[in-house]
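Printed here is start32.txt (compact mmCIF, N, CA and C atoms):
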```txt
# COMPACT_ATOMS: atom_id res chain seq x y z
N MET A 266 136.17 -35.25 69.92
CA MET A 266 135.45 -36.49 69.73
C MET A 266 136.02 -37.21 68.51
N GLU A 267 136.16 -38.49 68.62
CA GLU A 267 136.69 -39.27 67.50
C GLU A 267 135.60 -39.51 66.46
N ILE A 268 136.03 -39.87 65.26
CA ILE A 268 135.09 -40.10 64.16
C ILE A 268 134.11 -41.22 64.47
N ARG A 269 134.56 -42.28 65.13
CA ARG A 269 133.65 -43.39 65.39
C ARG A 269 132.52 -43.00 66.34
N TYR A 270 132.70 -41.94 67.13
CA TYR A 270 131.63 -41.47 68.01
C TYR A 270 130.72 -40.48 67.29
N LYS A 271 131.25 -39.77 66.30
CA LYS A 271 130.46 -38.80 65.55
C LYS A 271 129.51 -39.47 64.57
N THR A 272 129.92 -40.58 63.98
CA THR A 272 129.11 -41.25 62.96
C THR A 272 127.73 -41.64 63.47
N PRO A 273 127.60 -42.29 64.65
CA PRO A 273 126.26 -42.62 65.13
C PRO A 273 125.40 -41.38 65.38
N LEU A 274 126.01 -40.30 65.85
CA LEU A 274 125.26 -39.06 66.09
C LEU A 274 124.75 -38.47 64.78
N ILE A 275 125.58 -38.50 63.76
CA ILE A 275 125.17 -37.99 62.45
C ILE A 275 124.05 -38.85 61.88
N LEU A 276 124.18 -40.15 61.98
CA LEU A 276 123.13 -41.06 61.48
C LEU A 276 121.83 -40.86 62.25
N LEU A 277 121.92 -40.66 63.55
CA LEU A 277 120.73 -40.42 64.36
C LEU A 277 120.05 -39.11 63.96
N ALA A 278 120.84 -38.09 63.69
CA ALA A 278 120.29 -36.80 63.26
C ALA A 278 119.59 -36.93 61.91
N ILE A 279 120.19 -37.66 60.98
CA ILE A 279 119.59 -37.89 59.66
C ILE A 279 118.29 -38.66 59.80
N LEU A 280 118.29 -39.69 60.63
CA LEU A 280 117.08 -40.48 60.86
C LEU A 280 115.97 -39.62 61.45
N ALA A 281 116.29 -38.74 62.37
CA ALA A 281 115.29 -37.86 62.97
C ALA A 281 114.71 -36.90 61.93
N LEU A 282 115.56 -36.37 61.06
CA LEU A 282 115.07 -35.48 60.00
C LEU A 282 114.15 -36.21 59.03
N VAL A 283 114.51 -37.41 58.64
CA VAL A 283 113.69 -38.20 57.72
C VAL A 283 112.34 -38.53 58.37
N ALA A 284 112.36 -38.90 59.64
CA ALA A 284 111.12 -39.25 60.34
C ALA A 284 110.21 -38.04 60.48
N SER A 285 110.76 -36.87 60.82
CA SER A 285 109.92 -35.69 60.97
C SER A 285 109.39 -35.23 59.61
N GLY A 286 110.18 -35.32 58.57
CA GLY A 286 109.71 -34.97 57.23
C GLY A 286 108.62 -35.90 56.76
N SER A 287 108.76 -37.16 57.07
CA SER A 287 107.74 -38.14 56.70
C SER A 287 106.43 -37.87 57.42
N ALA A 288 106.51 -37.52 58.70
CA ALA A 288 105.31 -37.22 59.47
C ALA A 288 104.62 -35.97 58.92
N TYR A 289 105.41 -34.96 58.54
CA TYR A 289 104.83 -33.74 57.97
C TYR A 289 104.14 -34.05 56.64
N TRP A 290 104.80 -34.81 55.78
CA TRP A 290 104.24 -35.15 54.47
C TRP A 290 102.94 -35.94 54.62
N THR A 291 102.90 -36.89 55.55
CA THR A 291 101.70 -37.69 55.78
C THR A 291 100.57 -36.81 56.28
N ALA A 292 100.85 -35.90 57.21
CA ALA A 292 99.82 -35.01 57.74
C ALA A 292 99.29 -34.09 56.65
N ALA A 293 100.18 -33.58 55.79
CA ALA A 293 99.75 -32.67 54.73
C ALA A 293 98.86 -33.38 53.72
N ARG A 294 99.10 -34.65 53.46
CA ARG A 294 98.33 -35.38 52.46
C ARG A 294 96.96 -35.79 52.98
N LYS A 295 96.70 -35.65 54.27
CA LYS A 295 95.39 -35.97 54.82
C LYS A 295 94.47 -34.76 54.79
N GLY A 296 94.98 -33.61 54.37
CA GLY A 296 94.21 -32.38 54.39
C GLY A 296 93.23 -32.27 53.23
N GLU A 297 92.70 -31.08 53.08
CA GLU A 297 91.72 -30.82 52.04
C GLU A 297 92.40 -30.71 50.68
N ARG A 298 91.59 -30.90 49.64
CA ARG A 298 92.09 -30.78 48.27
C ARG A 298 91.44 -29.60 47.58
N CYS A 299 92.17 -29.02 46.64
CA CYS A 299 91.69 -27.88 45.87
C CYS A 299 90.51 -28.31 44.99
N ALA A 300 89.44 -27.52 45.00
CA ALA A 300 88.25 -27.83 44.21
C ALA A 300 88.50 -27.68 42.72
N PHE A 301 89.55 -26.95 42.34
CA PHE A 301 89.83 -26.76 40.91
C PHE A 301 90.76 -27.82 40.35
N ASP A 302 91.93 -28.03 41.00
CA ASP A 302 92.91 -28.95 40.41
C ASP A 302 93.24 -30.17 41.27
N GLY A 303 92.63 -30.30 42.43
CA GLY A 303 92.82 -31.48 43.26
C GLY A 303 94.11 -31.50 44.07
N ALA A 304 94.89 -30.42 44.03
CA ALA A 304 96.14 -30.36 44.81
C ALA A 304 95.81 -30.29 46.30
N PHE A 305 96.73 -30.76 47.12
CA PHE A 305 96.55 -30.66 48.56
C PHE A 305 96.66 -29.20 48.99
N VAL A 306 95.83 -28.82 49.93
CA VAL A 306 95.78 -27.43 50.40
C VAL A 306 96.36 -27.34 51.80
N ARG A 307 97.40 -26.53 51.95
CA ARG A 307 97.93 -26.27 53.30
C ARG A 307 96.91 -25.43 54.05
N PRO A 308 96.67 -25.72 55.31
CA PRO A 308 95.66 -24.95 56.07
C PRO A 308 95.89 -23.45 56.06
N THR A 309 97.14 -23.01 56.09
CA THR A 309 97.42 -21.57 56.09
C THR A 309 97.32 -20.94 54.71
N ALA A 310 97.07 -21.74 53.68
CA ALA A 310 96.94 -21.21 52.32
C ALA A 310 95.53 -21.38 51.77
N ALA A 311 94.61 -21.86 52.58
CA ALA A 311 93.27 -22.20 52.09
C ALA A 311 92.43 -20.96 51.78
N ILE A 312 91.89 -20.96 50.58
CA ILE A 312 90.91 -19.96 50.16
C ILE A 312 89.56 -20.67 50.22
N ARG A 313 88.62 -20.12 50.96
CA ARG A 313 87.32 -20.77 51.15
C ARG A 313 86.20 -19.93 50.57
N LEU A 314 85.39 -20.59 49.75
CA LEU A 314 84.24 -19.96 49.15
C LEU A 314 83.01 -20.73 49.60
N THR A 315 82.00 -20.03 50.09
CA THR A 315 80.75 -20.66 50.48
C THR A 315 79.64 -20.08 49.62
N THR A 316 78.88 -20.96 48.97
CA THR A 316 77.78 -20.50 48.12
C THR A 316 76.53 -20.30 48.96
N VAL A 317 75.52 -19.67 48.37
CA VAL A 317 74.27 -19.46 49.09
C VAL A 317 73.56 -20.78 49.37
N GLU A 318 73.88 -21.81 48.57
CA GLU A 318 73.31 -23.13 48.81
C GLU A 318 74.01 -23.86 49.94
N GLY A 319 75.11 -23.29 50.45
CA GLY A 319 75.85 -23.89 51.55
C GLY A 319 77.03 -24.75 51.12
N MET A 320 77.29 -24.85 49.83
CA MET A 320 78.44 -25.62 49.37
C MET A 320 79.72 -24.86 49.69
N VAL A 321 80.71 -25.57 50.20
CA VAL A 321 82.01 -24.96 50.51
C VAL A 321 83.04 -25.52 49.54
N ALA A 322 83.74 -24.62 48.87
CA ALA A 322 84.82 -25.01 47.96
C ALA A 322 86.11 -24.44 48.52
N VAL A 323 87.16 -25.25 48.53
CA VAL A 323 88.46 -24.85 49.06
C VAL A 323 89.47 -24.86 47.92
N PHE A 324 90.34 -23.85 47.90
CA PHE A 324 91.33 -23.72 46.83
C PHE A 324 92.71 -23.51 47.41
N ASP A 325 93.73 -23.90 46.65
CA ASP A 325 95.11 -23.74 47.12
C ASP A 325 95.75 -22.45 46.63
N SER A 326 95.09 -21.72 45.75
CA SER A 326 95.64 -20.45 45.28
C SER A 326 94.52 -19.56 44.78
N ILE A 327 94.82 -18.27 44.70
CA ILE A 327 93.85 -17.33 44.17
C ILE A 327 93.57 -17.65 42.70
N ALA A 328 94.60 -18.07 41.98
CA ALA A 328 94.43 -18.41 40.56
C ALA A 328 93.43 -19.55 40.39
N CYS A 329 93.52 -20.58 41.23
CA CYS A 329 92.58 -21.70 41.14
C CYS A 329 91.16 -21.25 41.45
N ALA A 330 91.01 -20.40 42.46
CA ALA A 330 89.68 -19.90 42.81
C ALA A 330 89.09 -19.09 41.65
N GLN A 331 89.93 -18.25 41.01
CA GLN A 331 89.47 -17.46 39.88
C GLN A 331 89.01 -18.36 38.73
N ARG A 332 89.81 -19.37 38.41
CA ARG A 332 89.47 -20.26 37.30
C ARG A 332 88.19 -21.05 37.60
N TRP A 333 88.04 -21.50 38.83
CA TRP A 333 86.84 -22.25 39.21
C TRP A 333 85.61 -21.35 39.10
N MET A 334 85.74 -20.09 39.52
CA MET A 334 84.61 -19.15 39.47
C MET A 334 84.25 -18.77 38.04
N GLN A 335 85.21 -18.81 37.11
CA GLN A 335 84.91 -18.50 35.72
C GLN A 335 83.96 -19.53 35.12
N ASN A 336 84.10 -20.78 35.55
CA ASN A 336 83.28 -21.85 35.01
C ASN A 336 81.90 -21.94 35.67
N ARG A 337 81.72 -21.27 36.80
CA ARG A 337 80.47 -21.33 37.54
C ARG A 337 80.12 -19.93 38.00
N GLN A 338 78.88 -19.66 38.11
CA GLN A 338 78.46 -18.36 38.62
C GLN A 338 77.56 -18.57 39.85
N PRO A 339 78.12 -19.14 40.90
CA PRO A 339 77.30 -19.37 42.08
C PRO A 339 77.05 -18.07 42.83
N GLY A 340 75.94 -18.02 43.54
CA GLY A 340 75.75 -16.92 44.47
C GLY A 340 76.72 -17.16 45.62
N ILE A 341 77.54 -16.20 45.92
CA ILE A 341 78.57 -16.38 46.93
C ILE A 341 78.10 -15.77 48.25
N ARG A 342 78.11 -16.58 49.29
CA ARG A 342 77.77 -16.09 50.62
C ARG A 342 79.02 -15.49 51.28
N SER A 343 80.14 -16.19 51.16
CA SER A 343 81.38 -15.67 51.74
C SER A 343 82.58 -16.18 50.95
N LEU A 344 83.64 -15.39 51.00
CA LEU A 344 84.88 -15.74 50.32
C LEU A 344 86.01 -15.22 51.20
N THR A 345 86.85 -16.14 51.69
CA THR A 345 87.99 -15.74 52.51
C THR A 345 89.29 -16.15 51.84
N VAL A 346 90.30 -15.33 52.05
CA VAL A 346 91.64 -15.59 51.54
C VAL A 346 92.60 -15.52 52.72
N PRO A 347 93.74 -16.22 52.64
CA PRO A 347 94.69 -16.14 53.75
C PRO A 347 95.55 -14.89 53.67
N ASP A 348 95.75 -14.25 54.81
CA ASP A 348 96.67 -13.12 54.89
C ASP A 348 98.08 -13.66 54.64
N ALA A 349 98.81 -13.06 53.72
CA ALA A 349 100.15 -13.55 53.37
C ALA A 349 101.13 -13.46 54.53
N VAL A 350 100.86 -12.62 55.51
CA VAL A 350 101.77 -12.46 56.64
C VAL A 350 101.46 -13.46 57.75
N SER A 351 100.19 -13.51 58.17
CA SER A 351 99.83 -14.34 59.32
C SER A 351 99.24 -15.70 58.95
N GLY A 352 98.73 -15.83 57.73
CA GLY A 352 98.06 -17.07 57.34
C GLY A 352 96.62 -17.14 57.81
N GLN A 353 96.18 -16.11 58.53
CA GLN A 353 94.81 -16.10 59.04
C GLN A 353 93.83 -15.75 57.92
N PRO A 354 92.64 -16.36 57.93
CA PRO A 354 91.66 -16.04 56.89
C PRO A 354 91.10 -14.62 57.08
N ILE A 355 90.95 -13.92 55.96
CA ILE A 355 90.35 -12.59 55.96
C ILE A 355 89.33 -12.52 54.84
N ASP A 356 88.35 -11.67 54.98
CA ASP A 356 87.34 -11.50 53.95
C ASP A 356 88.00 -10.98 52.68
N ALA A 357 87.71 -11.59 51.55
CA ALA A 357 88.37 -11.23 50.29
C ALA A 357 88.10 -9.79 49.89
N SER A 358 86.94 -9.26 50.26
CA SER A 358 86.62 -7.88 49.88
C SER A 358 87.37 -6.87 50.74
N ALA A 359 87.86 -7.28 51.92
CA ALA A 359 88.59 -6.38 52.81
C ALA A 359 90.09 -6.43 52.57
N ALA A 360 90.56 -7.40 51.81
CA ALA A 360 92.00 -7.59 51.59
C ALA A 360 92.51 -6.63 50.52
N VAL A 361 93.82 -6.39 50.57
CA VAL A 361 94.52 -5.69 49.49
C VAL A 361 95.46 -6.71 48.86
N TYR A 362 95.75 -6.55 47.58
CA TYR A 362 96.44 -7.60 46.85
C TYR A 362 97.70 -7.08 46.16
N GLY A 363 98.68 -7.96 46.08
CA GLY A 363 99.92 -7.64 45.39
C GLY A 363 100.44 -8.85 44.65
N LYS A 364 101.26 -8.58 43.64
CA LYS A 364 101.82 -9.66 42.82
C LYS A 364 103.32 -9.46 42.71
N GLY A 365 104.06 -10.53 43.00
CA GLY A 365 105.51 -10.49 42.87
C GLY A 365 105.92 -10.72 41.43
N PRO A 366 107.03 -10.13 40.99
CA PRO A 366 107.45 -10.27 39.60
C PRO A 366 108.01 -11.65 39.26
N ALA A 367 108.58 -12.33 40.23
CA ALA A 367 109.21 -13.63 39.94
C ALA A 367 108.17 -14.71 39.65
N SER A 368 107.22 -14.89 40.55
CA SER A 368 106.25 -15.97 40.38
C SER A 368 104.97 -15.51 39.71
N GLY A 369 104.67 -14.23 39.82
CA GLY A 369 103.42 -13.72 39.28
C GLY A 369 102.22 -14.12 40.13
N ARG A 370 102.49 -14.73 41.27
CA ARG A 370 101.42 -15.20 42.15
C ARG A 370 100.82 -14.02 42.91
N ILE A 371 99.51 -13.96 42.95
CA ILE A 371 98.81 -12.90 43.68
C ILE A 371 98.71 -13.30 45.14
N ARG A 372 99.03 -12.35 46.02
CA ARG A 372 98.95 -12.58 47.46
C ARG A 372 98.00 -11.57 48.08
N ALA A 373 97.31 -12.00 49.13
CA ALA A 373 96.37 -11.13 49.84
C ALA A 373 96.99 -10.65 51.14
N PHE A 374 96.68 -9.43 51.51
CA PHE A 374 97.20 -8.85 52.75
C PHE A 374 96.05 -8.20 53.51
N ALA A 375 96.08 -8.35 54.81
CA ALA A 375 95.05 -7.75 55.66
C ALA A 375 95.33 -6.27 55.87
N ARG A 376 96.60 -5.87 55.82
CA ARG A 376 96.97 -4.49 56.10
C ARG A 376 97.72 -3.87 54.92
N GLU A 377 97.41 -2.62 54.64
CA GLU A 377 98.10 -1.87 53.57
C GLU A 377 99.61 -1.82 53.82
N GLU A 378 100.01 -1.67 55.09
CA GLU A 378 101.43 -1.57 55.43
C GLU A 378 102.17 -2.84 55.02
N ASP A 379 101.54 -4.00 55.23
CA ASP A 379 102.18 -5.26 54.86
C ASP A 379 102.32 -5.37 53.35
N LEU A 380 101.30 -4.92 52.62
CA LEU A 380 101.38 -4.93 51.15
C LEU A 380 102.51 -4.01 50.69
N GLU A 381 102.60 -2.81 51.26
CA GLU A 381 103.65 -1.87 50.86
C GLU A 381 105.04 -2.45 51.12
N GLN A 382 105.21 -3.11 52.26
CA GLN A 382 106.50 -3.73 52.57
C GLN A 382 106.81 -4.84 51.57
N PHE A 383 105.81 -5.66 51.23
CA PHE A 383 106.00 -6.72 50.25
C PHE A 383 106.40 -6.14 48.89
N LEU A 384 105.75 -5.06 48.48
CA LEU A 384 106.05 -4.45 47.18
C LEU A 384 107.45 -3.86 47.15
N ARG A 385 107.88 -3.25 48.25
CA ARG A 385 109.25 -2.73 48.31
C ARG A 385 110.26 -3.87 48.24
N TRP A 386 109.99 -4.93 48.98
CA TRP A 386 110.92 -6.06 49.05
C TRP A 386 110.97 -6.82 47.72
N SER A 387 109.81 -7.09 47.12
CA SER A 387 109.76 -7.93 45.93
C SER A 387 109.86 -7.15 44.62
N LYS A 388 109.70 -5.83 44.70
CA LYS A 388 109.62 -4.98 43.51
C LYS A 388 108.43 -5.40 42.64
N GLY A 389 107.37 -5.84 43.33
CA GLY A 389 106.16 -6.27 42.64
C GLY A 389 105.22 -5.11 42.42
N GLU A 390 103.95 -5.43 42.21
CA GLU A 390 102.96 -4.40 41.95
C GLU A 390 101.66 -4.72 42.68
N ALA A 391 100.96 -3.67 43.06
CA ALA A 391 99.64 -3.82 43.67
C ALA A 391 98.66 -4.18 42.55
N VAL A 392 97.69 -5.01 42.86
CA VAL A 392 96.68 -5.38 41.87
C VAL A 392 95.30 -5.19 42.49
N ALA A 393 94.32 -5.01 41.61
CA ALA A 393 92.94 -4.88 42.07
C ALA A 393 92.45 -6.21 42.61
N ASN A 394 91.37 -6.18 43.34
CA ASN A 394 90.78 -7.41 43.86
C ASN A 394 90.59 -8.40 42.70
N PRO A 395 91.25 -9.56 42.74
CA PRO A 395 91.17 -10.50 41.62
C PRO A 395 89.81 -11.17 41.47
N PHE A 396 88.95 -10.98 42.45
CA PHE A 396 87.62 -11.58 42.38
C PHE A 396 86.58 -10.58 41.90
N GLY A 397 87.04 -9.42 41.43
CA GLY A 397 86.13 -8.40 40.95
C GLY A 397 85.49 -7.69 42.11
N ALA A 398 84.37 -7.06 41.84
CA ALA A 398 83.64 -6.35 42.89
C ALA A 398 82.83 -7.39 43.67
N PRO A 399 83.32 -7.78 44.85
CA PRO A 399 82.66 -8.84 45.59
C PRO A 399 81.21 -8.54 45.91
N THR A 400 80.87 -7.27 46.07
CA THR A 400 79.48 -6.96 46.42
C THR A 400 78.52 -7.32 45.28
N GLU A 401 79.02 -7.35 44.06
CA GLU A 401 78.18 -7.74 42.93
C GLU A 401 77.97 -9.25 42.87
N ARG A 402 78.92 -9.99 43.42
CA ARG A 402 78.85 -11.45 43.34
C ARG A 402 78.22 -12.08 44.57
N VAL A 403 78.25 -11.34 45.69
CA VAL A 403 77.73 -11.90 46.93
C VAL A 403 76.22 -11.74 46.94
N THR A 404 75.56 -12.81 47.24
CA THR A 404 74.11 -12.81 47.30
C THR A 404 73.69 -12.92 48.76
N SER A 405 72.82 -12.05 49.19
CA SER A 405 72.35 -12.12 50.58
C SER A 405 71.54 -13.37 50.80
N PRO A 406 71.69 -13.97 52.01
CA PRO A 406 70.93 -15.21 52.29
C PRO A 406 69.44 -14.96 52.41
```

Could you express the structure from this file as structure tokens?
Amino acid sequence: MEIRYKTPLILLAILALVASGSAYWTAARKGERCAFDGAFVRPTAAIRLTTVEGMVAVFDSIACAQRWMQNRQPGIRSLTVPDAVSGQPIDASAAVYGKGPASGRIRAFAREEDLEQFLRWSKGEAVANPFGAPTERVTSP
């Protein structure tokens, strides 16, 4: 193929990438915001806390949820964190947690095997439930 035929194809490919990136960015900005710092929350990263009064707070990271909870002591009805492997919400008290050495970010895992694989891969460390003993914080309805 000659150069004059390749140039329109390359430009078309670049235009398609820009358009799809723009659509993704627009969709992401219409989502929920973190209750602690106002950042946009990706659906697969959402940490959801529901108080006994029925208020729902959404966070973009475990760190934000921890900081928000330090400033308030609500009775917690439920607290879910995303599984680092599947992105599916899991009960925070049933999750196991690990921290990578590079970012220091705490991640939740639904299965011990997934945590062990993450720790081997990242050379990180297992950490205790960052929300403390959930049974002490959860108030029955």

- [ ] Step one, run DSSP on the backbone; step two, keep only residues of region 296-392 of chain A assigned to strand (DSSP E or B); then write them as an MDAnalysis selection string.
- [x] chainID A and resid 298 305 312:316 321:324 341:348 354:356 361:364 371:374 390:392

Open item on the list: Based on the backbone DSSP call, show me all residues of region 274-395 of chain A assigned alpha helix (DSSP H), as a ChimeraX atom specification.
Closed with: /A:274-294,327-336,377-387

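Residues surrounding Gly303 (chain A) within 8 Å are Glu297, Arg298 and Asp325 of chain A [all atoms listed in the file; sequence separation below 5 positions excluded].
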
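The interatomic distance for the pair atom N of Gly397 (chain A) and atom N of Ala357 (chain A) works out to 10.4 Å.
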
Using all atoms listed in the file, what table do you get, as CSV, when you list each residue of region 304-332 of chain A with an atom no more than 8 Å from region 364-381 of chain A, its nearest pair of atoms, and their distance in Å rounded to one decimal, rows by chain then rising number?
```
residue,atom,partner,partner_atom,distance
A:Ser326,C,A:Ile371,C,7.5
A:Ile327,N,A:Ile371,C,6.3
A:Ala328,N,A:Ile371,N,6.5
```

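Distance check against Ala310 (chain A) using only C-alpha atoms: of A:Ala359, A:Ala349, A:Arg332, A:Leu344, the minimum falls on A:Ala349.
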
Where's the centre, and what are the edge lengths in Å to one decimal, of a box along x, y and z enclosing all listed atoms of region 362-369 of chain A padded 8 Å per side, as AutoDock Vina command-line options?
```
--center_x 102.5 --center_y -11.3 --center_z 43.4 --size_x 29.5 --size_y 25.4 --size_z 24.3
```

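Atom to atom, atom N of Pro395 (chain A) and atom C of Ser358 (chain A) stand 9.3 Å apart.
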
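By chain and then residue number, the residues within 8 Å of Thr345 (chain A) are Ile312, Arg313, Leu314, Ser343, Pro347, Pro354, Ile355, Asp356 and Ala357 of chain A, counting only C-alpha atoms and disregarding those fewer than 2 positions away in sequence.
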
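When CA of Gly296 (chain A) is paired with atom C of Phe324 (chain A), their separation reads 11.4 Å.
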
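With only C-alpha atoms as the atoms that count, the residue of A:Ala360, A:Val323, A:Gln382, A:Phe301 with the shortest distance to Gln335 (chain A) is A:Phe301.
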